[in-house]
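For reference, the structure discussed in these notes is given below.
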Amino acid sequence: MFHINMSLLSKTKALENEIDHFHDKLIDISLAFNKAIRHYLKSGRDKDFEKYSKQIKKIEHDADKLRRDIENHLYSQNLLPDLRADVLKLVENLDNVINKFEEVTYMFYAQKPFICDEYRSLFKELGKLSSECAESMCKASRAYFRDLTTMRDYAQKVYFLEHESDTCSRKLIEEVFSSPCSLAEKIQLRQFIDGIAEIADEAEDFIDQLLIFAIKRDI
């Protein structure tokens with residue numbers, strides 16, 4: 001099982017290139033998000049953070065346009081209906097992760113949460129884990145179109161990173177709710193913790209579906 005090493009879209013080069021570029025956008029936004037979170041924890045919502053926020057918004061906007069182009073080309077290509085439906089679903093789910101990065105970044109921009117010194121290292125770790133989880137998800141998705149063995153390796157890494165993210169977020173929540181912060185502050189911080197952790201959760205859900213699509217290809 002999982003032995004295919006040829007491009008799934010080799011006969012539709014333009015579409016293959018668009019999907020490659022879409023994966024590039026996901027890598028770009030995950031890297032930018034991790035930098036933005038680290039910067040916010042160090043300096044708050046200053047001008048540099050606003051630049052990161054605008055950069056992430058632009059990547060999300062460009063990815064939306066690219067997704068629409070991919071969808072249009074999918075229906076214009078002579079692909080098997082099942083294959084078209086699977087690729088369409090994968091692209092939509094990748095876009096959901098991109099949107100989540102932008103959504104959480106905007107939460108930091110709009111709400112400007114105060115994060116105590118004692119929580120910053122865990123917030124930094126959580127942001128790093130979620131970003132790395134999304135990057136591994138992206139690499140698994142890219143490999144799905146070319147090499148299912150490599151895809152499976154990256155899928156396993158996503159599961160590991162999601163578990164680490166879940167452990168980190170639980171620890172952070174416990175520390176926040178045992179602190180002397182007001183209930184309102186605790187609830188606000190919980191929203192940010194959940195938002196960051198949901199990126200890894202969505203990556204894990206994506207991999208669950210990707211593995212099913214890979215089994216369908218290999219039958």
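Labels used: A, B, ... for chains in the order of the structure tokens, numbers from 1 for residues in each chain, and numbers from 1 for ligands as shown.
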Please provide the set of residues having any atom within 10 Å of Glu102 in chain A, restricted to only C-alpha atoms, with same-chain residues fewer than 5 positions apart removed, written as a ChimeraX atom specification.
-> /A:29-30,33,53-61,96-97,107
Residues of range 74-94 of chain A within 12 Å of range 135-142 of chain A: nearest atom pair and distance (Å, one decimal) for each, counting only C-alpha atoms, sorted by chain and number, as CSV?
residue,atom,partner,partner_atom,distance
A:Asp86,CA,A:Ser141,CA,11.8
A:Val87,CA,A:Ser141,CA,10.1
A:Lys89,CA,A:Ser141,CA,11.7
A:Leu90,CA,A:Ser141,CA,8.0
A:Val91,CA,A:Ser141,CA,9.3
A:Asn93,CA,A:Ser141,CA,10.6
A:Leu94,CA,A:Cys138,CA,7.8
Just the residues within 12 Å of range 156-159 of chain A, please, counting only C-alpha atoms, with nothing from its chain fewer than 6 positions along; format it as a ChimeraX atom specification.
-> /A:129-141,149-150,165-166,199-208,210-211
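Considering only C-alpha atoms, the residue among A:Leu88, A:Ile98, A:Leu183, A:Val176 positioned nearest to Glu118 in chain A is A:Val176.
Using only C-alpha atoms for every distance, the candidate list A:Phe177, A:Phe22, A:Tyr106, A:Phe114 yields A:Phe22 as the residue closest to Asp69 in chain A.
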Do you know which residues are at most 10 Å from range 34-38 of chain A counting only C-alpha atoms, after dropping those on the same chain fewer than 6 positions away, and could you put them as a PyMOL selection string?
-> chain A and resi 44-45+48-53+55-56+101+104-105+108+120-121+123-132+196
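Here CA of Tyr119 in chain A and CA of Leu172 in chain A stand 7.2 Å from one another.
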Name the residues of chain A that fall into helix (DSSP H, G or I) according to DSSP on the backbone, using the chain letters and numbers of this document, as a PyMOL selection string.
-> chain A and resi 13-43+47-76+81-111+117-144+148-177+183-218
His21 in chain A: which residues within 12 Å, counting only C-alpha atoms, same-chain residues fewer than 3 positions away excluded, as a PyMOL selection string?
-> chain A and resi 14-18+24-28+59+62-67+69-70+91+138+142
With C-alpha atoms retained, export the selected residues as a PDB file, in the first residue's frame.
ATOM      1  CA  ALA A  14      -1.064  24.248 -15.377  1.00  0.00           C
ATOM      2  CA  LEU A  15      -3.399  22.914 -12.680  1.00  0.00           C
ATOM      3  CA  GLU A  16      -0.528  21.103 -11.005  1.00  0.00           C
ATOM      4  CA  ASN A  17       1.456  24.356 -10.872  1.00  0.00           C
ATOM      5  CA  GLU A  18      -1.486  26.246  -9.367  1.00  0.00           C
ATOM      6  CA  ASP A  24       3.438  27.641  -1.112  1.00  0.00           C
ATOM      7  CA  LYS A  25       0.902  30.122   0.270  1.00  0.00           C
ATOM      8  CA  LEU A  26       0.156  27.825   3.191  1.00  0.00           C
ATOM      9  CA  ILE A  27       3.853  27.488   4.025  1.00  0.00           C
ATOM     10  CA  ASP A  28       4.249  31.269   3.759  1.00  0.00           C
ATOM     11  CA  ILE A  59      -1.344  35.909   1.764  1.00  0.00           C
ATOM     12  CA  ASP A  62      -3.971  35.774  -2.625  1.00  0.00           C
ATOM     13  CA  ALA A  63      -4.728  32.205  -1.554  1.00  0.00           C
ATOM     14  CA  ASP A  64      -8.475  32.823  -1.930  1.00  0.00           C
ATOM     15  CA  LYS A  65      -7.971  34.023  -5.486  1.00  0.00           C
ATOM     16  CA  LEU A  66      -5.753  31.043  -6.253  1.00  0.00           C
ATOM     17  CA  ARG A  67      -8.322  28.662  -4.769  1.00  0.00           C
ATOM     18  CA  ASP A  69      -8.732  29.648 -10.072  1.00  0.00           C
ATOM     19  CA  ILE A  70      -8.012  26.039  -9.083  1.00  0.00           C
ATOM     20  CA  VAL A  91      -8.025  22.499  -1.588  1.00  0.00           C
ATOM     21  CA  CYS A 138       1.025  21.039   3.741  1.00  0.00           C
ATOM     22  CA  ARG A 142       1.856  18.152  -1.634  1.00  0.00           C
TER      23      ARG A 142
END
Among the residues A:Gly195, A:Asp95, A:Leu41, A:Cys116, the one that comes closest to Cys181 in chain A [using only C-alpha atoms] = A:Cys116
Using only C-alpha atoms, which of A:Leu122, A:Leu83, A:Ile187, A:Ala32 sits nearest Phe145 in chain A?
-> A:Leu83
Residues within 9 Å of Leu189 in chain A, only C-alpha atoms, excluding chain neighbours under 5 positions, as a PyMOL selection string = chain A and resi 113-115+173+176+184+194
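Between CA of Tyr75 in chain A and CA of Asp147 in chain A there is a distance of 24.1 Å.
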